[in-house]
>>> print(open('upload.txt').read())   # compact mmCIF, C-alpha atoms and all ligand atoms
# COMPACT_ATOMS: atom_id res chain seq x y z
CA MET A 1 22.20 -11.88 6.06
CA ASP A 2 19.45 -14.18 4.84
CA THR A 3 16.22 -12.35 5.36
CA ILE A 4 12.60 -13.46 5.30
CA SER A 5 10.11 -11.56 3.17
CA ILE A 6 6.37 -11.77 3.45
CA ALA A 7 4.48 -10.08 0.61
CA ILE A 8 0.89 -8.96 1.09
CA ASP A 9 -0.98 -7.58 -1.90
CA GLY A 10 -4.59 -6.69 -2.42
CA PRO A 11 -7.04 -3.90 -3.21
CA SER A 12 -7.49 -0.70 -1.18
CA GLY A 13 -9.35 -1.05 2.06
CA ALA A 14 -8.93 -4.80 2.49
CA GLY A 15 -7.24 -4.16 5.84
CA LYS A 16 -3.72 -4.90 4.60
CA SER A 17 -1.99 -2.20 6.65
CA THR A 18 -3.63 -2.87 10.00
CA LEU A 19 -3.29 -6.62 9.66
CA ALA A 20 0.26 -6.53 8.31
CA ARG A 21 1.35 -4.09 11.05
CA SER A 22 -0.09 -6.33 13.79
CA ALA A 23 1.41 -9.48 12.29
CA ALA A 24 4.81 -7.78 11.94
CA ALA A 25 4.71 -6.64 15.58
CA GLN A 26 3.95 -10.19 16.73
CA LEU A 27 6.71 -11.70 14.61
CA GLY A 28 9.28 -8.96 15.24
CA TYR A 29 9.51 -8.12 11.53
CA LEU A 30 9.73 -4.69 9.96
CA TYR A 31 6.40 -3.58 8.51
CA VAL A 32 6.70 -1.69 5.22
CA ASP A 33 3.62 0.09 3.86
CA THR A 34 4.55 0.71 0.21
CA GLY A 35 1.32 2.61 -0.50
CA ALA A 36 2.72 5.33 1.78
CA ILE A 37 5.76 5.62 -0.51
CA TYR A 38 3.55 6.23 -3.59
CA ARG A 39 1.49 8.66 -1.54
CA THR A 40 4.66 10.62 -0.72
CA ILE A 41 5.40 11.01 -4.44
CA ALA A 42 1.79 12.16 -4.93
CA CYS A 43 2.22 14.66 -2.12
CA HIS A 44 5.15 16.24 -3.96
CA MET A 45 3.04 16.65 -7.14
CA LEU A 46 0.15 18.28 -5.27
CA ARG A 47 2.43 20.63 -3.35
CA ASN A 48 4.08 21.75 -6.56
CA GLY A 49 0.89 22.13 -8.57
CA ILE A 50 1.87 19.32 -10.95
CA GLU A 51 -1.15 17.82 -12.68
CA PRO A 52 -1.09 14.04 -11.95
CA ALA A 53 -2.35 13.26 -15.47
CA ASP A 54 0.65 15.11 -16.97
CA ALA A 55 2.96 12.10 -17.18
CA GLU A 56 5.84 14.04 -18.68
CA THR A 57 6.01 16.69 -15.93
CA VAL A 58 5.46 14.09 -13.20
CA THR A 59 8.35 12.02 -14.55
CA ALA A 60 10.62 15.03 -15.05
CA SER A 61 10.14 16.06 -11.42
CA LEU A 62 11.29 12.73 -9.94
CA PRO A 63 14.98 13.69 -9.63
CA GLN A 64 13.94 16.54 -7.31
CA ILE A 65 12.31 14.14 -4.88
CA GLN A 66 14.01 12.52 -1.95
CA VAL A 67 11.81 9.93 -0.26
CA GLU A 68 12.86 8.45 3.06
CA LEU A 69 11.19 5.92 5.25
CA THR A 70 11.92 6.05 8.97
CA TYR A 71 10.44 4.52 12.10
CA GLY A 72 9.35 6.86 14.90
CA ALA A 73 9.69 6.32 18.64
CA ASP A 74 6.10 5.04 18.38
CA GLY A 75 7.41 2.23 16.14
CA LEU A 76 5.25 3.52 13.29
CA GLN A 77 6.46 4.11 9.75
CA HIS A 78 7.02 7.78 8.95
CA MET A 79 7.47 9.21 5.46
CA LEU A 80 9.84 12.05 4.75
CA LEU A 81 9.55 14.11 1.58
CA ASN A 82 12.75 16.06 1.00
CA GLY A 83 13.39 15.87 4.73
CA GLU A 84 9.90 16.92 5.86
CA ASP A 85 7.61 14.52 7.70
CA VAL A 86 4.45 14.09 5.57
CA THR A 87 3.04 11.07 7.42
CA SER A 88 -0.31 12.75 8.16
CA GLU A 89 -0.60 14.72 4.94
CA ILE A 90 -0.36 11.60 2.75
CA ARG A 91 -3.68 10.33 4.17
CA LEU A 92 -5.71 13.20 2.69
CA PRO A 93 -8.29 12.08 0.08
CA GLN A 94 -6.72 14.25 -2.66
CA VAL A 95 -3.41 12.48 -2.05
CA SER A 96 -5.13 9.07 -2.41
CA ALA A 97 -6.60 10.11 -5.75
CA CYS A 98 -3.28 11.52 -7.00
CA ALA A 99 -1.32 8.43 -5.85
CA SER A 100 -3.69 6.21 -7.79
CA VAL A 101 -2.84 8.12 -10.99
CA VAL A 102 0.92 8.65 -10.60
CA SER A 103 1.55 5.08 -9.40
CA ALA A 104 0.54 3.91 -12.88
CA TYR A 105 3.63 5.50 -14.48
CA PRO A 106 6.47 3.01 -15.07
CA GLN A 107 9.08 5.71 -14.28
CA VAL A 108 7.50 6.30 -10.87
CA ARG A 109 7.48 2.58 -10.16
CA SER A 110 11.10 2.03 -11.16
CA PHE A 111 12.14 5.13 -9.19
CA LEU A 112 10.85 3.40 -6.02
CA LEU A 113 11.87 -0.18 -6.74
CA ASP A 114 15.41 -0.19 -5.28
CA MET A 115 14.27 1.43 -2.07
CA GLN A 116 11.72 -1.33 -1.50
CA ARG A 117 14.11 -4.14 -2.41
CA THR A 118 16.90 -2.76 -0.21
CA LEU A 119 14.58 -2.77 2.81
CA ALA A 120 13.80 -6.45 2.19
CA GLU A 121 17.49 -7.31 1.73
CA THR A 122 18.44 -5.78 5.05
CA HIS A 123 15.47 -6.73 7.27
CA ASN A 124 12.90 -9.45 7.77
CA VAL A 125 9.87 -7.69 6.36
CA ILE A 126 6.16 -7.84 5.93
CA MET A 127 5.64 -5.57 2.96
CA ASP A 128 2.22 -4.64 1.68
CA GLY A 129 1.18 -3.10 -1.61
CA ARG A 130 -0.16 -4.10 -5.02
CA ASP A 131 2.82 -5.69 -6.80
CA ILE A 132 5.00 -6.94 -3.95
CA GLY A 133 4.60 -10.66 -4.69
CA THR A 134 4.59 -10.18 -8.47
CA VAL A 135 7.29 -7.55 -9.10
CA VAL A 136 9.10 -6.16 -6.04
CA LEU A 137 9.80 -9.39 -4.15
CA PRO A 138 9.03 -12.26 -6.53
CA HIS A 139 11.09 -14.60 -4.31
CA ALA A 140 9.26 -13.76 -1.08
CA GLN A 141 8.90 -16.85 1.14
CA VAL A 142 5.21 -16.12 1.69
CA LYS A 143 2.81 -14.31 -0.64
CA ILE A 144 -0.67 -13.45 0.47
CA PHE A 145 -3.42 -11.89 -1.60
CA LEU A 146 -5.65 -10.18 0.93
CA THR A 147 -9.05 -9.19 -0.35
CA ALA A 148 -12.69 -8.52 0.59
CA SER A 149 -15.75 -7.51 -1.40
CA ALA A 150 -15.91 -3.82 -2.43
CA GLU A 151 -19.09 -3.46 -0.34
CA ALA A 152 -17.46 -4.87 2.81
CA ARG A 153 -14.44 -2.59 2.29
CA ALA A 154 -16.68 0.45 1.81
CA LYS A 155 -18.63 -0.35 4.99
CA ARG A 156 -15.42 -0.62 7.03
CA ARG A 157 -14.08 2.60 5.55
CA CYS A 158 -17.34 4.43 6.40
CA LEU A 159 -17.09 3.25 9.99
CA GLU A 160 -13.48 4.42 10.18
CA LEU A 161 -14.38 7.86 8.76
CA GLU A 162 -17.27 8.16 11.18
CA GLN A 163 -15.02 7.33 14.15
CA ARG A 164 -12.56 9.95 12.92
CA GLY A 165 -15.35 12.54 12.89
CA THR A 166 -15.25 12.96 9.10
CA PRO A 167 -18.20 10.84 7.88
CA GLU A 168 -18.87 10.40 4.18
CA PRO A 169 -21.86 8.83 2.39
CA TYR A 170 -21.59 5.08 1.75
CA GLU A 171 -22.31 5.48 -1.98
CA LYS A 172 -19.42 7.92 -2.40
CA VAL A 173 -17.00 5.73 -0.45
CA LEU A 174 -18.01 2.68 -2.49
CA ASP A 175 -17.62 4.64 -5.71
CA ASP A 176 -14.10 5.80 -4.70
CA ILE A 177 -13.07 2.25 -3.85
CA GLN A 178 -14.38 0.92 -7.14
CA ARG A 179 -12.59 3.66 -9.09
CA ARG A 180 -9.29 2.93 -7.35
CA ASP A 181 -9.74 -0.82 -7.88
CA TRP A 182 -10.24 -0.16 -11.57
CA ASN A 183 -7.13 2.07 -11.80
CA ASP A 184 -4.99 -0.38 -9.83
CA THR A 185 -5.99 -3.43 -11.88
CA HIS A 186 -6.09 -1.85 -15.35
CA ARG A 187 -2.77 -0.04 -15.53
CA SER A 188 -0.25 -1.61 -17.88
CA THR A 189 2.73 -1.48 -15.49
CA ALA A 190 2.60 -3.77 -12.45
CA PRO A 191 -1.20 -3.96 -12.20
CA LEU A 192 -2.74 -5.35 -9.05
CA ARG A 193 -3.06 -9.07 -9.56
CA GLN A 194 -2.65 -12.17 -7.52
CA ALA A 195 0.76 -13.87 -7.84
CA GLU A 196 0.37 -17.46 -9.04
CA ASP A 197 1.92 -18.76 -5.85
CA ALA A 198 -0.04 -16.47 -3.51
CA VAL A 199 -2.44 -17.72 -0.86
CA VAL A 200 -5.78 -15.88 -1.02
CA LEU A 201 -7.22 -14.57 2.23
CA ASP A 202 -10.74 -13.18 1.78
CA THR A 203 -11.81 -11.21 4.87
CA THR A 204 -15.34 -10.28 3.67
CA THR A 205 -17.00 -12.24 6.48
CA LEU A 206 -14.15 -12.11 9.02
CA ASP A 207 -13.62 -9.62 11.81
CA PHE A 208 -10.18 -8.22 12.65
CA ALA A 209 -9.20 -10.93 15.16
CA GLN A 210 -10.28 -13.72 12.80
CA SER A 211 -8.42 -12.11 9.88
CA LEU A 212 -5.23 -11.73 11.93
CA ALA A 213 -5.40 -15.33 13.14
CA ALA A 214 -5.87 -16.53 9.55
CA LEU A 215 -2.96 -14.39 8.35
CA LEU A 216 -0.60 -15.64 11.08
CA GLN A 217 -1.63 -19.22 10.34
CA ILE A 218 -0.72 -18.83 6.65
CA ILE A 219 2.66 -17.33 7.60
CA LYS A 220 3.33 -20.12 10.11
CA GLU A 221 2.65 -22.74 7.47
CA HIS A 222 5.22 -21.22 5.10
CA VAL A 223 8.08 -19.91 7.24
O1 LIG B 301 -2.38 1.15 -0.26
P1 LIG B 301 -2.63 2.64 -0.49
O2 LIG B 301 -4.07 2.99 -0.66
O3 LIG B 301 -1.96 3.49 0.55
O4 LIG B 301 -1.90 2.96 -1.89
C1 LIG B 301 -1.92 4.24 -2.45
C2 LIG B 301 -1.86 4.13 -3.98
O5 LIG B 301 -0.59 3.62 -4.39
C3 LIG B 301 -2.92 3.20 -4.58
O6 LIG B 301 -3.62 3.87 -5.61
C4 LIG B 301 -2.16 2.07 -5.19
C5 LIG B 301 -0.75 2.54 -5.27
N1 LIG B 301 0.20 1.50 -4.91
C6 LIG B 301 0.84 0.84 -5.92
O7 LIG B 301 0.59 1.12 -7.08
N2 LIG B 301 1.76 -0.12 -5.63
C7 LIG B 301 2.04 -0.44 -4.36
N3 LIG B 301 2.95 -1.37 -4.11
C8 LIG B 301 1.37 0.22 -3.31
C9 LIG B 301 0.43 1.18 -3.62
>>> encode(input="upload.txt", output="structure tokens", more="lines below")
Ligand code: DC
Amino acid sequence: MDTISIAIDGPSGAGKSTLARSAAAQLGYLYVDTGAIYRTIACHMLRNGIEPADAETVTASLPQIQVELTYGADGLQHMLLNGEDVTSEIRLPQVSACASVVSAYPQVRSFLLDMQRTLAETHNVIMDGRDIGTVVLPHAQVKIFLTASAEARAKRRCLELEQRGTPEPYEKVLDDIQRRDWNDTHRSTAPLRQAEDAVVLDTTTLDFAQSLAALLQIIKEHV
């Protein structure tokens, strides 16, 4: 089967997941959130008391990990870690911090590569992450680099946390975002960068509806 792949990369908090999920629903494509896959690996390390900075132990534990991606009755992506649903747990802040560290290890990245490519070979996908257009799906029909200023991303994140009843100070949220941006762009394996043939979509001054319309327009022009 000839499948269509749409790659969306960009920094944390640029709205990739919400936008990609909505676009995928409209187009009838499978939405794949690859950040959730790295978070599942991080979850295993935290549960087993493995220090994320200890590259050797992290790498040695990979064969004990079975990561599965399934879609619930709600149509949402669920992550299974050795058979257990960890979809909520992977959103905890300590998991975010750990994922940012362990995702820098080449062994972790290659461990997850086949899984991501197989999904794109068997389904029309919108896949979001950091290296989808550059490494995972270099032949994707559409590549989008979705970004927004760190300040705009921090403001949106603060609002989200407030609505969830777990507010955090703006300065801390901004600091976390900047730290993760630095980690994601400075690692030597598959750093976050824009593919040469990617279309940039900057949502700093756009609301959700405007961002979604712009995203769908880019896809329409290429598929
Ligand atoms: O998008 P996210 O915040 O859920 O991603 C969690 C971490 O995983 C983040 O630090 C970047 C990393 N990641 C990655 O290295 N490559 C991807 N394709 C997706 C996420």
>>> residues_around(input="upload.txt", residues="A:His222", least_positions_apart="6", cutoff="12 Å", atoms="only C-alpha atoms", output="list in words")
Ile4, Ser5, Ile6, Ala140, Gln141, Val142, Lys143, Ile144, Asp197, Ala198, Val199, Leu215 and Leu216 of chain A
>>> residues_near_ligand(input="upload.txt", ligand="ligand LIG 301 (chain B)", cutoff="8 Å", atoms="only C-alpha atoms and all ligand atoms", output="PyMOL selection string")
chain A and resi 9+11-13+16-17+33-39+91+96-101+103-104+109+128-132+180+183-184+190-192
>>> closest_residue(input="upload.txt", among="A:Ile177, A:Ala148, A:Ile41, A:Ile50", to="A:Ser211", atoms="all atoms listed in the file")
A:Ala148
>>> atom_distance(input="upload.txt", atom1="atom CA of A:Arg193", atom2="atom CA of A:Arg153")
17.7 Å
>>> residues_around(input="upload.txt", residues="stretch 173-175 of chain A", least_positions_apart="5", cutoff="8 Å", atoms="only C-alpha atoms", output="list in words")
Ala150, Glu151, Arg153, Ala154, Arg157, Cys158 and Glu168 of chain A
>>> closest_residue(input="upload.txt", among="A:His44, A:His123, A:Arg21, A:Lys172", to="A:Ile90", atoms="all atoms listed in the file")
A:His44
>>> atom_distance(input="upload.txt", atom1="atom CA of A:Thr122", atom2="atom CA of A:Glu84")
24.3 Å
>>> closest_residue(input="upload.txt", among="A:Thr205, A:Thr185, A:Gln163, A:Gln107", to="A:Ala60", atoms="all atoms listed in the file")
A:Gln107
>>> atom_distance(input="upload.txt", atom1="atom CA of A:Ile126", atom2="atom CA of A:Leu161")
26.0 Å
>>> closest_residue(input="upload.txt", among="A:Gly75, A:Thr18, A:Gln64, A:Gln94", to="A:Asp176", atoms="only C-alpha atoms")
A:Gln94
>>> residues_around(input="upload.txt", residues="stretch 55-59 of chain A", least_positions_apart="3", cutoff="8 Å", atoms="only C-alpha atoms", output="PDB file with C-alpha atoms, in the frame of the given file")
ATOM      1  CA  MET A  45       3.040  16.650  -7.140  1.00  0.00           C
ATOM      2  CA  ILE A  50       1.870  19.320 -10.950  1.00  0.00           C
ATOM      3  CA  GLU A  51      -1.150  17.820 -12.680  1.00  0.00           C
ATOM      4  CA  PRO A  52      -1.090  14.040 -11.950  1.00  0.00           C
ATOM      5  CA  LEU A  62      11.290  12.730  -9.940  1.00  0.00           C
ATOM      6  CA  VAL A 102       0.920   8.650 -10.600  1.00  0.00           C
ATOM      7  CA  TYR A 105       3.630   5.500 -14.480  1.00  0.00           C
ATOM      8  CA  GLN A 107       9.080   5.710 -14.280  1.00  0.00           C
ATOM      9  CA  VAL A 108       7.500   6.300 -10.870  1.00  0.00           C
TER      10      VAL A 108
END
>>> closest_residue(input="upload.txt", among="A:Ala42, A:Pro169, A:Leu80, A:Pro63", to="A:Phe111", atoms="only C-alpha atoms")
A:Pro63
>>> residues_around(input="upload.txt", residues="A:Gly10", least_positions_apart="6", cutoff="6 Å", atoms="only C-alpha atoms", output="PyMOL selection string")
chain A and resi 130+145-147
